[in-house]
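A short worksheet on the structure shown next.
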Amino acid sequence: MGAAFEIYVLAGFVLARASAGLTDSTIRNDANHLELIRDWFGRPLWEMQPEDGNVYFGKVLRDARLSTRTGRAAALTVFFRFLELRHRVELHNLTGRVVECPLDEVNRPRLSVDPQLRVPPTVEEIEQLFTGWREELLSYRKFAPAARNYAVARLVADVGLRINEARMLDLDDVRWELGRFGKLNVRHGKGSRRKGPKPRLVPLINGTDRSLRWFIEDVLGLFELDLSSHRTPLFPSERKNAEGTCTRATADVFRRALSESGRGASSGPVMLSLPWSPDRR
């Protein structure tokens with residue numbers, strides 16, 4: 001009865017999370033967290049008490065990464081919420097105890113206990129960064145990936161995309177016919193509360209239409225791509241897939257390029273003449 005009921009409850013939890021619209025990867029992560037806690041505890045999770053939570057998160061996971069501790073705590077908390085809503089009576093009849101989450105406001109791990117103050121750069125500082133970056137492009141050994149990194153950063157700054165949202169764009173997602181300046185079909189927009197991608201249309205404002213048109217017309221052709229495909233990445237890598245065409249660049253590539261250009265901006269731009277550079281004025 002106990003083992004069969006435990007499997008039944010976990011299967012119901014997975015189905016409920018899928019019904020809520022969470023992605024498969026999120027559900028797998030939560031299930032994996034619960035399985036690891038179950039392996040340590042050695043008994044059904046609904047038997048955990050606050051003292052067990054103290055030991056597990058205060059000793060066993062004491063030296064684990066903060067993201068691991070908070071992710072595991074979040075999975076355990078939502079699982080107990082599910083137990084309380086769906087199986088409170090059955091578990092009381094089975095164990096003789098009322099289901100109680102072993103984590104509360106006192107012992108629940110938190111991602112950060114210190115306030116984080118992030119001061120955004122001024123408009124002048126942003127323009128200084130991109131002016132210097134644009135004028136240094138010809139000094140790079142490989143122009144195409146350098147120009148691609150610049151175009152992604154410019155797009156992120158001008159229309160507020162996340163880097164991962166930008167890297168997942170395809171060439172077909174640029175819809176010049178929509179609106180006054182054109183729009184981007186952001187199919188992999190970040191959803192709230194881990195509910196998966198939330199697509200949206202983003203207008204190409206703040207001069208983004210000019211910089212993006214420059215990239216597509218003058219830079220994209222330097223990569224080996226099948227432009228007739230409906231899944232041609234807008235920002236490709238130099239690496240090739242099995243068909244010999246370029247794969248999609250990773251988010252780490254763009255983050256690293258932005259970080260390096262930000263560090264170099266303090267030394268001042270290298271003044272070069274770029275007749276092909278996008279007109280930002």
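Labels for the structure tokens follow display order: chains A, B, ..., residues from 1 in each chain, ligands from 1.
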
Region 162-191 of chain A near region 135-156 of chain A within 7 Å: what's each residue's closest atom pair and its distance in Å to one decimal, counting only C-alpha atoms, ordered by chain then ascending residue number, as a tab-separated table?
```
residue	atom	partner	partner_atom	distance
A:Arg162	CA	A:Val156	CA	6.2
A:Ile163	CA	A:Val156	CA	6.6
A:Ala166	CA	A:Val152	CA	6.8
```

Go ahead and write the residues just picked, N, CA and C atoms, as a PDB file, in the first residue's frame.
```pdb
ATOM      1  N   ARG A 162      16.251  39.755 -23.857  1.00  0.00           N
ATOM      2  CA  ARG A 162      17.269  38.994 -23.140  1.00  0.00           C
ATOM      3  C   ARG A 162      18.183  38.333 -24.163  1.00  0.00           C
ATOM      4  N   ILE A 163      19.403  38.040 -23.742  1.00  0.00           N
ATOM      5  CA  ILE A 163      20.370  37.457 -24.673  1.00  0.00           C
ATOM      6  C   ILE A 163      19.865  36.135 -25.210  1.00  0.00           C
ATOM      7  N   ALA A 166      17.322  36.634 -27.881  1.00  0.00           N
ATOM      8  CA  ALA A 166      17.910  37.074 -29.144  1.00  0.00           C
ATOM      9  C   ALA A 166      18.580  35.923 -29.884  1.00  0.00           C
TER      10      ALA A 166
END
```

Contacts of Arg187 (chain A) within 9 Å, only C-alpha atoms, excl. fewer than 4 positions in-chain, as a ChimeraX atom specification: /A:165,168-169,173,197-201

Saved selection, atoms kept: C-alpha atoms, as a compact mmCIF listing (two decimals), in the first residue's frame:
```
# COMPACT_ATOMS: atom_id res chain seq x y z
CA GLU A 165 15.71 35.45 -26.50
CA MET A 168 16.92 31.89 -30.47
CA LEU A 169 15.69 34.19 -33.24
CA ASP A 173 11.33 35.96 -37.22
CA PRO A 197 8.38 30.27 -23.35
CA LYS A 198 5.99 33.17 -23.81
CA PRO A 199 6.03 34.45 -27.43
CA ARG A 200 5.55 38.13 -28.20
CA LEU A 201 6.05 40.69 -30.98
```

Helix (DSSP H, G or I) per DSSP on the backbone: members of region 36-278 of chain A, as a ChimeraX atom specification: /A:36-41,45-47,50-60,66-86,88-95,123-135,137-139,143-159,163-167,171-173,192-194,208-222,251-267

Distance table requested - region 67-122 of chain A against region 30-37 of chain A, cut-off 10 Å, only C-alpha atoms: one row per qualifying residue with the closest atom pair and its distance in Å to one decimal, ordered by chain and rising residue number, as JSON lines.
```
{"residue": "A:Thr68", "atom": "CA", "partner": "A:His33", "partner_atom": "CA", "distance": 9.0}
{"residue": "A:Arg69", "atom": "CA", "partner": "A:His33", "partner_atom": "CA", "distance": 9.7}
{"residue": "A:Gly71", "atom": "CA", "partner": "A:His33", "partner_atom": "CA", "distance": 7.8}
{"residue": "A:Arg72", "atom": "CA", "partner": "A:His33", "partner_atom": "CA", "distance": 5.3}
{"residue": "A:Ala73", "atom": "CA", "partner": "A:His33", "partner_atom": "CA", "distance": 8.5}
{"residue": "A:Ala74", "atom": "CA", "partner": "A:Asp30", "partner_atom": "CA", "distance": 8.3}
{"residue": "A:Ala75", "atom": "CA", "partner": "A:Asp30", "partner_atom": "CA", "distance": 5.2}
{"residue": "A:Leu76", "atom": "CA", "partner": "A:Leu34", "partner_atom": "CA", "distance": 6.5}
{"residue": "A:Val78", "atom": "CA", "partner": "A:Asp30", "partner_atom": "CA", "distance": 9.2}
{"residue": "A:Phe79", "atom": "CA", "partner": "A:Leu34", "partner_atom": "CA", "distance": 8.3}
```

Non-local contacts of Leu220 (chain A) (10 Å; only C-alpha atoms; under 5 positions in same chain excluded) as a list in words: Ala144, Pro145, Ala147, Arg148, Leu171, Arg213, Trp214, Phe215, Leu225, Leu227, Pro233, Leu234, Phe235 and Pro236 of chain A

Write out the residues from the selection above, keeping N, CA, C and O atoms, as a compact mmCIF listing (two decimals), in the first residue's frame.
```
# COMPACT_ATOMS: atom_id res chain seq x y z
N ALA A 144 33.22 38.68 -39.14
CA ALA A 144 31.84 38.21 -39.11
C ALA A 144 31.34 37.93 -37.70
O ALA A 144 30.30 38.46 -37.29
N PRO A 145 32.02 37.09 -36.91
CA PRO A 145 31.52 36.86 -35.55
C PRO A 145 31.57 38.09 -34.66
O PRO A 145 30.72 38.28 -33.78
N ALA A 147 31.11 41.24 -35.69
CA ALA A 147 29.97 42.05 -36.08
C ALA A 147 28.66 41.44 -35.58
O ALA A 147 27.73 42.16 -35.19
N ARG A 148 28.59 40.12 -35.59
CA ARG A 148 27.40 39.44 -35.06
C ARG A 148 27.22 39.74 -33.57
O ARG A 148 26.12 40.05 -33.11
N LEU A 171 15.93 33.86 -38.94
CA LEU A 171 15.83 34.92 -39.94
C LEU A 171 14.38 35.21 -40.28
O LEU A 171 13.99 36.36 -40.50
N ARG A 213 19.03 45.64 -40.26
CA ARG A 213 19.09 45.52 -41.73
C ARG A 213 20.54 45.50 -42.21
O ARG A 213 20.90 44.75 -43.12
N TRP A 214 21.39 46.31 -41.58
CA TRP A 214 22.82 46.28 -41.91
C TRP A 214 23.40 44.89 -41.66
O TRP A 214 24.12 44.34 -42.49
N PHE A 215 23.06 44.30 -40.51
CA PHE A 215 23.62 42.99 -40.19
C PHE A 215 23.15 41.94 -41.19
O PHE A 215 23.95 41.12 -41.68
N LEU A 225 25.15 29.52 -44.59
CA LEU A 225 23.79 29.26 -44.17
C LEU A 225 22.93 28.86 -45.36
O LEU A 225 23.20 29.23 -46.50
N LEU A 227 19.82 29.90 -46.64
CA LEU A 227 18.88 31.00 -46.47
C LEU A 227 17.47 30.64 -46.90
O LEU A 227 16.53 31.39 -46.62
N PRO A 233 19.18 30.33 -38.43
CA PRO A 233 19.39 31.19 -37.25
C PRO A 233 19.77 32.60 -37.67
O PRO A 233 20.57 32.80 -38.60
N LEU A 234 19.21 33.59 -37.00
CA LEU A 234 19.54 34.97 -37.30
C LEU A 234 20.96 35.29 -36.86
O LEU A 234 21.66 36.06 -37.54
N PHE A 235 21.40 34.70 -35.76
CA PHE A 235 22.75 34.95 -35.25
C PHE A 235 23.50 33.62 -35.16
O PHE A 235 23.50 32.96 -34.11
N PRO A 236 24.14 33.20 -36.27
CA PRO A 236 24.75 31.87 -36.33
C PRO A 236 26.15 31.84 -35.73
O PRO A 236 26.80 32.87 -35.52
```

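The space separating CA of Val89 (chain A) from CA of Gln49 (chain A) comes to 17.9 Å.
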